Amino acid sequence: LTQLTIDTSRYVEPLVDVICERIITEQSRQSCIDLVSALARQSSDVSAVVPLGSGLNKVMMTKTKSWQDKVALSSCLQHLLTICKGKAIVQLAQEILPGLVGATDKETKEEVKCGGLALMGVCCFRADKCGGDVFKSLNKALETGSDCVRRAALQA
């Protein structure tokens, strides 16, 4: 897909369910991340990728079984929020933040916590407003986290 010079906006919607289903399978995980990046990069209509981001967020909050799934979904959403620009992405970032803050605070696995903090930083950069709970979460990570977690919080 990355070698094609086509606008992928109209192809995103039919792929949302497939990507959301397959990203939590080990065999398809990296292919899904690469596909999301390509779709985001080659879509002229940013609002077309927002349902994909919403779907990935829903999967991350409700259907993940392993820490690898959470890290993959966090990475995927970071790609989406970083590559795309526009008002629709602002709304997606604001949609992701509330659940992400709570999930990151409760997370015990260091890799997932670092991924959540990195995604939180990208969401804060894109969102119009972040709220005090985001900064409380970052402060908590700085005060009580391991070196890796503190580094992720500083980068966020």
# chains A, B, ... in the order shown; residues from 1 in each chain; ligands from 1
>>> residues_around(residues="Met120 of chain A", least_positions_apart="3", cutoff="8 Å", atoms="only C-alpha atoms", output="list of chain:residue names")
A:Leu97, A:Leu100, A:Val101, A:Gly116, A:Leu117, A:Cys123, A:Cys124, A:Val134, A:Ala156
>>> select_by_dssp(residues="chain A", states="alpha helix (DSSP H)", output="MDAnalysis selection string")
chainID A and resid 9:22 29:42 50:62 67:83 87:106 110:126 132:144 147:155
>>> closest_atom_pairs(of="segment 29-109 of chain A", to="segment 3-17 of chain A", cutoff="10 Å", atoms="only C-alpha atoms", output="JSON lines")
{"residue": "A:Leu35", "atom": "CA", "partner": "A:Leu15", "partner_atom": "CA", "distance": 9.7}
{"residue": "A:Val36", "atom": "CA", "partner": "A:Val12", "partner_atom": "CA", "distance": 8.9}
{"residue": "A:Ala38", "atom": "CA", "partner": "A:Thr8", "partner_atom": "CA", "distance": 8.6}
{"residue": "A:Leu39", "atom": "CA", "partner": "A:Thr8", "partner_atom": "CA", "distance": 5.9}
{"residue": "A:Ala40", "atom": "CA", "partner": "A:Thr8", "partner_atom": "CA", "distance": 8.2}
{"residue": "A:Arg41", "atom": "CA", "partner": "A:Thr8", "partner_atom": "CA", "distance": 8.7}
{"residue": "A:Gln42", "atom": "CA", "partner": "A:Asp7", "partner_atom": "CA", "distance": 5.5}
{"residue": "A:Ser43", "atom": "CA", "partner": "A:Ser9", "partner_atom": "CA", "distance": 4.5}
{"residue": "A:Ser44", "atom": "CA", "partner": "A:Asp7", "partner_atom": "CA", "distance": 6.1}
{"residue": "A:Asp45", "atom": "CA", "partner": "A:Ser9", "partner_atom": "CA", "distance": 5.7}
{"residue": "A:Val46", "atom": "CA", "partner": "A:Ser9", "partner_atom": "CA", "distance": 7.7}
{"residue": "A:Ser47", "atom": "CA", "partner": "A:Ser9", "partner_atom": "CA", "distance": 8.5}
{"residue": "A:Ala48", "atom": "CA", "partner": "A:Ser9", "partner_atom": "CA", "distance": 5.6}
{"residue": "A:Val49", "atom": "CA", "partner": "A:Val12", "partner_atom": "CA", "distance": 6.4}
{"residue": "A:Val50", "atom": "CA", "partner": "A:Val12", "partner_atom": "CA", "distance": 9.4}
{"residue": "A:Pro51", "atom": "CA", "partner": "A:Val16", "partner_atom": "CA", "distance": 7.3}
{"residue": "A:Leu52", "atom": "CA", "partner": "A:Val16", "partner_atom": "CA", "distance": 5.2}
{"residue": "A:Gly53", "atom": "CA", "partner": "A:Val16", "partner_atom": "CA", "distance": 8.7}
{"residue": "A:Ser54", "atom": "CA", "partner": "A:Val16", "partner_atom": "CA", "distance": 9.4}
{"residue": "A:Gly55", "atom": "CA", "partner": "A:Val16", "partner_atom": "CA", "distance": 7.0}
{"residue": "A:Leu56", "atom": "CA", "partner": "A:Val16", "partner_atom": "CA", "distance": 8.4}
>>> closest_residue(among="A:Lys85, A:Lys63, A:His79, A:Lys70", to="Lys113 of chain A", atoms="only C-alpha atoms")
A:Lys70
>>> closest_residue(among="A:Leu142, A:Val18, A:Ala152, A:Ala88", to="Ala127 of chain A", atoms="only C-alpha atoms")
A:Ala88
>>> closest_residue(among="A:Asn57, A:Ser66, A:Thr144, A:Ser75", to="Gln94 of chain A", atoms="only C-alpha atoms")
A:Asn57
>>> atom_distance(atom1="atom CA of Gly132 of chain A", atom2="atom CA of Lys65 of chain A")
29.3 Å
>>> atom_distance(atom1="atom CA of Ile24 of chain A", atom2="atom CA of Met60 of chain A")
9.1 Å
>>> closest_residue(among="A:Leu73, A:Val149, A:Met61, A:Val90", to="Ile19 of chain A", atoms="only C-alpha atoms")
A:Leu73
>>> decode(residues="segment 33-44 of chain A", atoms="all heavy atoms", output="PDB file, in the first residue's frame")
ATOM      1  N   ILE A  33      -0.436  -2.572  12.176  1.00  0.00           N
ATOM      2  CA  ILE A  33       0.195  -1.291  12.522  1.00  0.00           C
ATOM      3  C   ILE A  33       0.699  -0.601  11.257  1.00  0.00           C
ATOM      4  O   ILE A  33       0.479   0.591  11.057  1.00  0.00           O
ATOM      5  CB  ILE A  33       1.330  -1.495  13.543  1.00  0.00           C
ATOM      6  CG1 ILE A  33       0.758  -1.966  14.880  1.00  0.00           C
ATOM      7  CG2 ILE A  33       2.134  -0.212  13.723  1.00  0.00           C
ATOM      8  CD1 ILE A  33       1.802  -2.417  15.877  1.00  0.00           C
ATOM      9  N   ASP A  34       1.343  -1.376  10.396  1.00  0.00           N
ATOM     10  CA  ASP A  34       1.850  -0.815   9.135  1.00  0.00           C
ATOM     11  C   ASP A  34       0.704  -0.329   8.248  1.00  0.00           C
ATOM     12  O   ASP A  34       0.806   0.724   7.605  1.00  0.00           O
ATOM     13  CB  ASP A  34       2.677  -1.854   8.381  1.00  0.00           C
ATOM     14  CG  ASP A  34       3.958  -2.237   9.115  1.00  0.00           C
ATOM     15  OD1 ASP A  34       4.383  -1.479  10.014  1.00  0.00           O
ATOM     16  OD2 ASP A  34       4.507  -3.315   8.803  1.00  0.00           O
ATOM     17  N   LEU A  35      -0.391  -1.071   8.211  1.00  0.00           N
ATOM     18  CA  LEU A  35      -1.547  -0.690   7.404  1.00  0.00           C
ATOM     19  C   LEU A  35      -2.174   0.607   7.925  1.00  0.00           C
ATOM     20  O   LEU A  35      -2.504   1.497   7.140  1.00  0.00           O
ATOM     21  CB  LEU A  35      -2.585  -1.815   7.374  1.00  0.00           C
ATOM     22  CG  LEU A  35      -3.874  -1.541   6.598  1.00  0.00           C
ATOM     23  CD1 LEU A  35      -3.575  -1.219   5.137  1.00  0.00           C
ATOM     24  CD2 LEU A  35      -4.813  -2.741   6.699  1.00  0.00           C
ATOM     25  N   VAL A  36      -2.317   0.724   9.233  1.00  0.00           N
ATOM     26  CA  VAL A  36      -2.884   1.944   9.817  1.00  0.00           C
ATOM     27  C   VAL A  36      -1.995   3.149   9.485  1.00  0.00           C
ATOM     28  O   VAL A  36      -2.493   4.210   9.106  1.00  0.00           O
ATOM     29  CB  VAL A  36      -3.073   1.803  11.343  1.00  0.00           C
ATOM     30  CG1 VAL A  36      -3.388   3.148  11.991  1.00  0.00           C
ATOM     31  CG2 VAL A  36      -4.182   0.802  11.643  1.00  0.00           C
ATOM     32  N   SER A  37      -0.698   2.972   9.583  1.00  0.00           N
ATOM     33  CA  SER A  37       0.224   4.063   9.238  1.00  0.00           C
ATOM     34  C   SER A  37       0.078   4.470   7.776  1.00  0.00           C
ATOM     35  O   SER A  37       0.041   5.656   7.451  1.00  0.00           O
ATOM     36  CB  SER A  37       1.671   3.651   9.510  1.00  0.00           C
ATOM     37  OG  SER A  37       1.880   3.503  10.877  1.00  0.00           O
ATOM     38  N   ALA A  38      -0.005   3.483   6.902  1.00  0.00           N
ATOM     39  CA  ALA A  38      -0.151   3.769   5.470  1.00  0.00           C
ATOM     40  C   ALA A  38      -1.485   4.451   5.181  1.00  0.00           C
ATOM     41  O   ALA A  38      -1.540   5.417   4.406  1.00  0.00           O
ATOM     42  CB  ALA A  38      -0.023   2.482   4.663  1.00  0.00           C
ATOM     43  N   LEU A  39      -2.550   3.973   5.792  1.00  0.00           N
ATOM     44  CA  LEU A  39      -3.864   4.589   5.583  1.00  0.00           C
ATOM     45  C   LEU A  39      -3.863   6.037   6.073  1.00  0.00           C
ATOM     46  O   LEU A  39      -4.404   6.927   5.410  1.00  0.00           O
ATOM     47  CB  LEU A  39      -4.959   3.787   6.297  1.00  0.00           C
ATOM     48  CG  LEU A  39      -5.304   2.426   5.704  1.00  0.00           C
ATOM     49  CD1 LEU A  39      -6.209   1.646   6.655  1.00  0.00           C
ATOM     50  CD2 LEU A  39      -5.963   2.573   4.342  1.00  0.00           C
ATOM     51  N   ALA A  40      -3.265   6.271   7.229  1.00  0.00           N
ATOM     52  CA  ALA A  40      -3.219   7.632   7.777  1.00  0.00           C
ATOM     53  C   ALA A  40      -2.388   8.549   6.886  1.00  0.00           C
ATOM     54  O   ALA A  40      -2.767   9.691   6.630  1.00  0.00           O
ATOM     55  CB  ALA A  40      -2.637   7.594   9.185  1.00  0.00           C
ATOM     56  N   ARG A  41      -1.278   8.049   6.403  1.00  0.00           N
ATOM     57  CA  ARG A  41      -0.375   8.844   5.570  1.00  0.00           C
ATOM     58  C   ARG A  41      -0.989   9.183   4.219  1.00  0.00           C
ATOM     59  O   ARG A  41      -0.751  10.251   3.670  1.00  0.00           O
ATOM     60  CB  ARG A  41       0.929   8.070   5.366  1.00  0.00           C
ATOM     61  CG  ARG A  41       2.131   8.935   5.139  1.00  0.00           C
ATOM     62  CD  ARG A  41       3.438   8.158   5.108  1.00  0.00           C
ATOM     63  NE  ARG A  41       3.832   7.695   6.437  1.00  0.00           N
ATOM     64  CZ  ARG A  41       3.814   6.409   6.832  1.00  0.00           C
ATOM     65  NH1 ARG A  41       3.443   5.467   6.012  1.00  0.00           N
ATOM     66  NH2 ARG A  41       4.173   6.087   8.050  1.00  0.00           N
ATOM     67  N   GLN A  42      -1.800   8.292   3.681  1.00  0.00           N
ATOM     68  CA  GLN A  42      -2.288   8.452   2.315  1.00  0.00           C
ATOM     69  C   GLN A  42      -3.763   8.858   2.226  1.00  0.00           C
ATOM     70  O   GLN A  42      -4.326   8.853   1.148  1.00  0.00           O
ATOM     71  CB  GLN A  42      -2.049   7.152   1.537  1.00  0.00           C
ATOM     72  CG  GLN A  42      -0.577   6.871   1.340  1.00  0.00           C
ATOM     73  CD  GLN A  42      -0.301   5.555   0.656  1.00  0.00           C
ATOM     74  OE1 GLN A  42       0.597   4.845   1.043  1.00  0.00           O
ATOM     75  NE2 GLN A  42      -1.071   5.211  -0.352  1.00  0.00           N
ATOM     76  N   SER A  43      -4.364   9.224   3.345  1.00  0.00           N
ATOM     77  CA  SER A  43      -5.758   9.676   3.320  1.00  0.00           C
ATOM     78  C   SER A  43      -5.810  11.191   3.245  1.00  0.00           C
ATOM     79  O   SER A  43      -5.250  11.877   4.100  1.00  0.00           O
ATOM     80  CB  SER A  43      -6.502   9.210   4.579  1.00  0.00           C
ATOM     81  OG  SER A  43      -6.686   7.824   4.553  1.00  0.00           O
ATOM     82  N   SER A  44      -6.490  11.694   2.242  1.00  0.00           N
ATOM     83  CA  SER A  44      -6.615  13.144   2.118  1.00  0.00           C
ATOM     84  C   SER A  44      -7.701  13.682   3.042  1.00  0.00           C
ATOM     85  O   SER A  44      -7.658  14.833   3.458  1.00  0.00           O
ATOM     86  CB  SER A  44      -6.930  13.525   0.674  1.00  0.00           C
ATOM     87  OG  SER A  44      -8.186  13.002   0.290  1.00  0.00           O
TER      88      SER A  44
END
